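Notes for the one structure printed next.
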Amino acid sequence: RQAKNNPGLADFNKGTTTLGMVTKDGVILAVDARATQGPKISSQKVRKIIEINEYLLGTMAGGAADCSFWERYIAKMCKLYELRYGIRPTVALASKMLRNICLSYKGYGLSMGTMVAGCDKNGPHLFYVDNDATRFEGKIFSVGSGSTFAYGILDSQYRFDMPLEEAIDLGKRAIYHAGYRDSYSGGVVRVFHVHNDGYTKIYDGLDLDIVHQEEEMKKKGLVGDGADLGQNIINDN
């Protein structure tokens with residue numbers, strides 16, 4: 001889509017898969033790591049989860065420079081708010097700061113489709129914010145060219161009360177399926193867990209090829225101890 005005041009500035013192909021979901025244990029964020037320049041892959045290890053501060057995380061979809069710069073700018077605004085008022089800004093306030101910036105630059109070529117996740121005194125929260133100054137809260141979001149594939153997994157298996165281990169595995173598998181079907185997504189998968197004490201890096205660079213091998217082994221029943229594996233190989237032959 002052409003930028004209103006800068007025709008042609010945003011006319012480049014973009015692709016990614018990012019997702020977030022709220023559970024009883026906090027917020028799970030999962031992303032891929034592929035960066036593209038039109039039809040070319042420029043990187044397979046981009047960090048698409050941006051650490052705003054020790055209690056807030058943001059995701060990157062769209063223009064890498066726009067998302068990275070403005071979410072780090074929000075980190076400065078949150079720190080200034082904390083120094084001025086003596087309390088941390090809520091997740092809703094941080095997402096509103098980002099939305100106001102997007103509104104100020106609407107039509108000037110920004111390319112952003114981000115999520116802001118965190119836990120505050122009101123519990124876990126997940127907000128979607130984009131370059132059109134759209135902002136709303138939800139339980140699950142997926143953003144990027146592979147989001148339809150990720151939603152196919154999330155919509156069928158997501159539950160708010162699911163155990164933490166199950167939620168982590170769901171996020172990992174949703175990114176895997178998106179990376180498998182969407183040529184603009186891939187590389188490695190990163191999964192972060194946001195909770196009351198901050199956030200934890202669950203996977204910080206798990207190769208999607210390894211996840212693919214695991215999924216294929218599950219389909220063929222090649223999961224278990226050595227005895228089960230040998231028996232299944234014999235049966236397949």
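Here's how to read the names in the structure tokens: chain A, B, ... by the order shown, residue numbers from 1 in each chain, ligand numbers from 1 in the order shown.
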
8 Å contact set for A:Cys119, only C-alpha atoms, chain neighbours under 5 positions out, as a ChimeraX atom specification = /A:26-27,55-56,91,124-125,194-196,198

Stretch 79-154 of chain A near stretch 29-42 of chain A within 12 Å: what's each residue's closest atom pair and its distance in Å to one decimal, counting only C-alpha atoms, ordered by chain then ascending residue number, as a Markdown table?
| residue | atom | partner | partner_atom | distance |
| --- | --- | --- | --- | --- |
| A:Thr114 | CA | A:Val31 | CA | 11.5 |
| A:Met115 | CA | A:Leu29 | CA | 9.1 |
| A:Val116 | CA | A:Leu29 | CA | 9.8 |
| A:Ala117 | CA | A:Leu29 | CA | 8.1 |
| A:Gly118 | CA | A:Leu29 | CA | 10.2 |
| A:His125 | CA | A:Leu29 | CA | 11.7 |
| A:Leu126 | CA | A:Leu29 | CA | 9.6 |
| A:Phe127 | CA | A:Leu29 | CA | 11.9 |
| A:Lys139 | CA | A:Leu29 | CA | 11.7 |
| A:Ile140 | CA | A:Leu29 | CA | 9.9 |
| A:Phe141 | CA | A:Leu29 | CA | 9.6 |
| A:Ser142 | CA | A:Ala30 | CA | 9.4 |
| A:Val143 | CA | A:Val31 | CA | 9.6 |
| A:Gly144 | CA | A:Val31 | CA | 10.0 |
| A:Ser145 | CA | A:Asp32 | CA | 11.4 |
| A:Gly146 | CA | A:Asp32 | CA | 9.8 |
| A:Ser147 | CA | A:Val31 | CA | 10.5 |
| A:Ala150 | CA | A:Ala30 | CA | 10.4 |
| A:Leu154 | CA | A:Ala30 | CA | 11.8 |

Write a file of the selected residues as a short mmCIF file (atom, residue, chain, number, x, y, z; two decimals), in the first residue's frame, keeping C-alpha atoms.
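Generated file (again32.cif):
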data_model
loop_
_atom_site.label_atom_id
_atom_site.label_comp_id
_atom_site.auth_asym_id
_atom_site.auth_seq_id
_atom_site.Cartn_x
_atom_site.Cartn_y
_atom_site.Cartn_z
CA THR A 114 2.98 -4.98 16.76
CA MET A 115 1.83 -6.54 19.99
CA VAL A 116 2.57 -5.18 23.46
CA ALA A 117 2.48 -7.78 26.23
CA GLY A 118 3.02 -7.63 29.97
CA HIS A 125 -2.55 -8.17 29.07
CA LEU A 126 -1.98 -8.35 25.33
CA PHE A 127 -2.57 -5.39 22.99
CA LYS A 139 -6.65 -13.02 24.27
CA ILE A 140 -4.93 -14.24 21.09
CA PHE A 141 -3.34 -12.37 18.18
CA SER A 142 -1.22 -13.38 15.24
CA VAL A 143 0.36 -10.81 12.93
CA GLY A 144 2.17 -11.22 9.64
CA SER A 145 1.99 -13.06 6.34
CA GLY A 146 1.88 -16.44 8.09
CA SER A 147 -0.77 -15.42 10.61
CA ALA A 150 -0.89 -19.76 12.95
CA LEU A 154 -4.44 -21.38 17.80
#

In Å to one decimal, how far is atom CA of A:Cys67 from atom CA of A:Ile153?
-> 25.8 Å

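For the pair atom CA of A:Gly113 and atom CA of A:Thr59, the separation is 8.2 Å.
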
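Using only C-alpha atoms, the protein and nucleic acid residues lying no more than 9 Å from stretch 212-216 of chain A, apart from those fewer than 5 places from it along its own chain, are Arg173, Tyr176, His177, Tyr180, Asp207, Gly221, Leu222 and Val223 of chain A.
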
Selection to disk with N, CA and C atoms, as a PDB file, in the first residue's frame:
ATOM      1  N   ARG A 173       4.441 -24.766  17.993  1.00  0.00           N
ATOM      2  CA  ARG A 173       3.888 -25.482  16.847  1.00  0.00           C
ATOM      3  C   ARG A 173       3.178 -24.538  15.874  1.00  0.00           C
ATOM      4  N   TYR A 176       5.810 -23.016  13.832  1.00  0.00           N
ATOM      5  CA  TYR A 176       6.338 -24.032  12.921  1.00  0.00           C
ATOM      6  C   TYR A 176       5.436 -24.199  11.705  1.00  0.00           C
ATOM      7  N   HIS A 177       4.138 -24.348  11.926  1.00  0.00           N
ATOM      8  CA  HIS A 177       3.214 -24.555  10.808  1.00  0.00           C
ATOM      9  C   HIS A 177       3.187 -23.335   9.883  1.00  0.00           C
ATOM     10  N   TYR A 180       6.326 -23.427   7.860  1.00  0.00           N
ATOM     11  CA  TYR A 180       6.300 -24.522   6.890  1.00  0.00           C
ATOM     12  C   TYR A 180       5.481 -24.158   5.657  1.00  0.00           C
ATOM     13  N   ASP A 207      15.804 -24.017  16.055  1.00  0.00           N
ATOM     14  CA  ASP A 207      15.769 -24.153  14.596  1.00  0.00           C
ATOM     15  C   ASP A 207      14.463 -24.822  14.169  1.00  0.00           C
ATOM     16  N   GLY A 221       4.899 -41.935  14.568  1.00  0.00           N
ATOM     17  CA  GLY A 221       4.970 -42.720  15.792  1.00  0.00           C
ATOM     18  C   GLY A 221       6.365 -43.032  16.239  1.00  0.00           C
ATOM     19  N   LEU A 222       7.346 -42.273  15.790  1.00  0.00           N
ATOM     20  CA  LEU A 222       8.748 -42.525  16.139  1.00  0.00           C
ATOM     21  C   LEU A 222       9.158 -41.734  17.367  1.00  0.00           C
ATOM     22  N   VAL A 223       8.299 -41.736  18.379  1.00  0.00           N
ATOM     23  CA  VAL A 223       8.591 -41.007  19.611  1.00  0.00           C
ATOM     24  C   VAL A 223       8.457 -41.978  20.774  1.00  0.00           C
TER      25      VAL A 223
END

May I have all residues of stretch 1-236 of chain A that DSSP, computed from the backbone, assigns to alpha helix (DSSP H), given as a PyMOL selection string?
-> chain A and resi 64-85+91-104+147-157+164-181+208-219+226-236

Output C-alpha atoms of each residue in that selection to a file, as a PDB file, in the first residue's frame.
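Saved as again_38.pdb:
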ATOM      1  CA  ALA A  64      12.020  -3.776  11.105  1.00  0.00           C
ATOM      2  CA  ALA A  65      13.408  -0.269  11.575  1.00  0.00           C
ATOM      3  CA  ASP A  66      10.008   1.249  12.433  1.00  0.00           C
ATOM      4  CA  CYS A  67       9.122  -1.423  14.993  1.00  0.00           C
ATOM      5  CA  SER A  68      12.563  -1.483  16.589  1.00  0.00           C
ATOM      6  CA  PHE A  69      12.937   2.306  16.851  1.00  0.00           C
ATOM      7  CA  TRP A  70       9.478   3.167  18.161  1.00  0.00           C
ATOM      8  CA  GLU A  71       9.241   0.305  20.648  1.00  0.00           C
ATOM      9  CA  ARG A  72      12.605   1.319  22.077  1.00  0.00           C
ATOM     10  CA  TYR A  73      11.322   4.886  22.178  1.00  0.00           C
ATOM     11  CA  ILE A  74       8.381   3.595  24.237  1.00  0.00           C
ATOM     12  CA  ALA A  75      10.931   2.087  26.635  1.00  0.00           C
ATOM     13  CA  LYS A  76      12.295   5.600  27.244  1.00  0.00           C
ATOM     14  CA  MET A  77       8.809   7.017  27.744  1.00  0.00           C
ATOM     15  CA  CYS A  78       7.948   4.268  30.227  1.00  0.00           C
ATOM     16  CA  LYS A  79      11.122   4.982  32.207  1.00  0.00           C
ATOM     17  CA  LEU A  80      10.370   8.708  32.284  1.00  0.00           C
ATOM     18  CA  TYR A  81       6.824   7.962  33.469  1.00  0.00           C
ATOM     19  CA  GLU A  82       8.198   5.766  36.264  1.00  0.00           C
ATOM     20  CA  LEU A  83      10.658   8.454  37.371  1.00  0.00           C
ATOM     21  CA  ARG A  84       8.005  11.159  37.288  1.00  0.00           C
ATOM     22  CA  TYR A  85       5.172   9.334  39.065  1.00  0.00           C
ATOM     23  CA  VAL A  91       0.429  -2.413  29.798  1.00  0.00           C
ATOM     24  CA  ALA A  92      -2.599  -0.471  28.575  1.00  0.00           C
ATOM     25  CA  LEU A  93      -0.793   2.849  29.039  1.00  0.00           C
ATOM     26  CA  ALA A  94       2.349   1.643  27.253  1.00  0.00           C
ATOM     27  CA  SER A  95       0.294   0.433  24.295  1.00  0.00           C
ATOM     28  CA  LYS A  96      -1.585   3.753  24.273  1.00  0.00           C
ATOM     29  CA  MET A  97       1.750   5.612  24.052  1.00  0.00           C
ATOM     30  CA  LEU A  98       2.661   3.569  20.976  1.00  0.00           C
ATOM     31  CA  ARG A  99      -0.776   4.095  19.471  1.00  0.00           C
ATOM     32  CA  ASN A 100      -0.496   7.861  19.890  1.00  0.00           C
ATOM     33  CA  ILE A 101       2.835   7.854  18.050  1.00  0.00           C
ATOM     34  CA  CYS A 102       1.291   5.861  15.202  1.00  0.00           C
ATOM     35  CA  LEU A 103      -1.578   8.336  15.058  1.00  0.00           C
ATOM     36  CA  SER A 104       0.858  11.259  14.839  1.00  0.00           C
ATOM     37  CA  SER A 147      -0.768 -15.424  10.609  1.00  0.00           C
ATOM     38  CA  THR A 148      -3.605 -17.316   8.878  1.00  0.00           C
ATOM     39  CA  PHE A 149      -1.699 -20.575   9.315  1.00  0.00           C
ATOM     40  CA  ALA A 150      -0.889 -19.756  12.946  1.00  0.00           C
ATOM     41  CA  TYR A 151      -4.536 -18.890  13.642  1.00  0.00           C
ATOM     42  CA  GLY A 152      -5.523 -22.291  12.271  1.00  0.00           C
ATOM     43  CA  ILE A 153      -3.558 -23.907  15.100  1.00  0.00           C
ATOM     44  CA  LEU A 154      -4.438 -21.383  17.802  1.00  0.00           C
ATOM     45  CA  ASP A 155      -8.187 -21.272  17.147  1.00  0.00           C
ATOM     46  CA  SER A 156      -8.515 -25.039  17.377  1.00  0.00           C
ATOM     47  CA  GLN A 157      -6.383 -25.652  20.471  1.00  0.00           C
ATOM     48  CA  LEU A 164       2.037 -23.492  30.867  1.00  0.00           C
ATOM     49  CA  GLU A 165       3.906 -26.349  29.149  1.00  0.00           C
ATOM     50  CA  GLU A 166       0.993 -26.910  26.778  1.00  0.00           C
ATOM     51  CA  ALA A 167       0.762 -23.201  25.958  1.00  0.00           C
ATOM     52  CA  ILE A 168       4.495 -23.055  25.178  1.00  0.00           C
ATOM     53  CA  ASP A 169       4.218 -26.085  22.900  1.00  0.00           C
ATOM     54  CA  LEU A 170       1.167 -24.582  21.182  1.00  0.00           C
ATOM     55  CA  GLY A 171       3.026 -21.361  20.425  1.00  0.00           C
ATOM     56  CA  LYS A 172       6.028 -23.272  19.098  1.00  0.00           C
ATOM     57  CA  ARG A 173       3.888 -25.482  16.847  1.00  0.00           C
ATOM     58  CA  ALA A 174       1.855 -22.538  15.514  1.00  0.00           C
ATOM     59  CA  ILE A 175       5.054 -20.779  14.411  1.00  0.00           C
ATOM     60  CA  TYR A 176       6.338 -24.032  12.921  1.00  0.00           C
ATOM     61  CA  HIS A 177       3.214 -24.555  10.808  1.00  0.00           C
ATOM     62  CA  ALA A 178       3.321 -20.946   9.635  1.00  0.00           C
ATOM     63  CA  GLY A 179       6.986 -21.259   8.709  1.00  0.00           C
ATOM     64  CA  TYR A 180       6.300 -24.522   6.890  1.00  0.00           C
ATOM     65  CA  ARG A 181       3.514 -23.037   4.742  1.00  0.00           C
ATOM     66  CA  LEU A 208      12.495 -24.749  12.750  1.00  0.00           C
ATOM     67  CA  ASP A 209      14.119 -27.646  10.881  1.00  0.00           C
ATOM     68  CA  ILE A 210      14.482 -29.421  14.228  1.00  0.00           C
ATOM     69  CA  VAL A 211      10.837 -28.717  15.069  1.00  0.00           C
ATOM     70  CA  HIS A 212       9.880 -30.090  11.652  1.00  0.00           C
ATOM     71  CA  GLN A 213      11.786 -33.311  12.336  1.00  0.00           C
ATOM     72  CA  GLU A 214      10.064 -33.655  15.712  1.00  0.00           C
ATOM     73  CA  GLU A 215       6.622 -33.181  14.162  1.00  0.00           C
ATOM     74  CA  GLU A 216       7.334 -35.710  11.421  1.00  0.00           C
ATOM     75  CA  MET A 217       8.517 -38.255  13.987  1.00  0.00           C
ATOM     76  CA  LYS A 218       5.321 -37.757  15.969  1.00  0.00           C
ATOM     77  CA  LYS A 219       3.230 -38.367  12.854  1.00  0.00           C
ATOM     78  CA  GLY A 226      14.835 -46.815  21.936  1.00  0.00           C
ATOM     79  CA  ALA A 227      12.763 -50.004  21.921  1.00  0.00           C
ATOM     80  CA  ASP A 228       9.688 -48.230  20.548  1.00  0.00           C
ATOM     81  CA  LEU A 229      11.763 -46.459  17.898  1.00  0.00           C
ATOM     82  CA  GLY A 230      13.365 -49.684  16.670  1.00  0.00           C
ATOM     83  CA  GLN A 231      10.014 -51.499  16.574  1.00  0.00           C
ATOM     84  CA  ASN A 232       8.389 -48.701  14.555  1.00  0.00           C
ATOM     85  CA  ILE A 233      11.243 -48.692  12.047  1.00  0.00           C
ATOM     86  CA  ILE A 234      10.820 -52.445  11.595  1.00  0.00           C
ATOM     87  CA  ASN A 235       7.067 -52.070  11.157  1.00  0.00           C
ATOM     88  CA  ASP A 236       7.521 -49.283   8.589  1.00  0.00           C
TER      89      ASP A 236
END

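Minimum distance to A:Asn53 across A:Arg88, A:Leu206, A:Arg159, A:Asp132 (counting only C-alpha atoms) occurs at A:Arg88.
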
Per-residue DSSP, stretch 6-228 of chain A, filtered to strand (DSSP E or B), as a PyMOL selection string = chain A and resi 18-23+26-31+35-37+40-43+49-51+56-59+62+112-120+123-130+135-137+140-143+188-195+198-207

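Distances to A:Lys24 were evaluated for A:Tyr203, A:Tyr184, A:Tyr158, A:Phe192 using only C-alpha atoms, and the minimum falls at A:Tyr158.
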
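When only C-alpha atoms are used to compute distances to A:Glu137, the closest of the residues A:Gly20, A:Lys48, A:Lys106, A:Met162 turns out to be A:Gly20.
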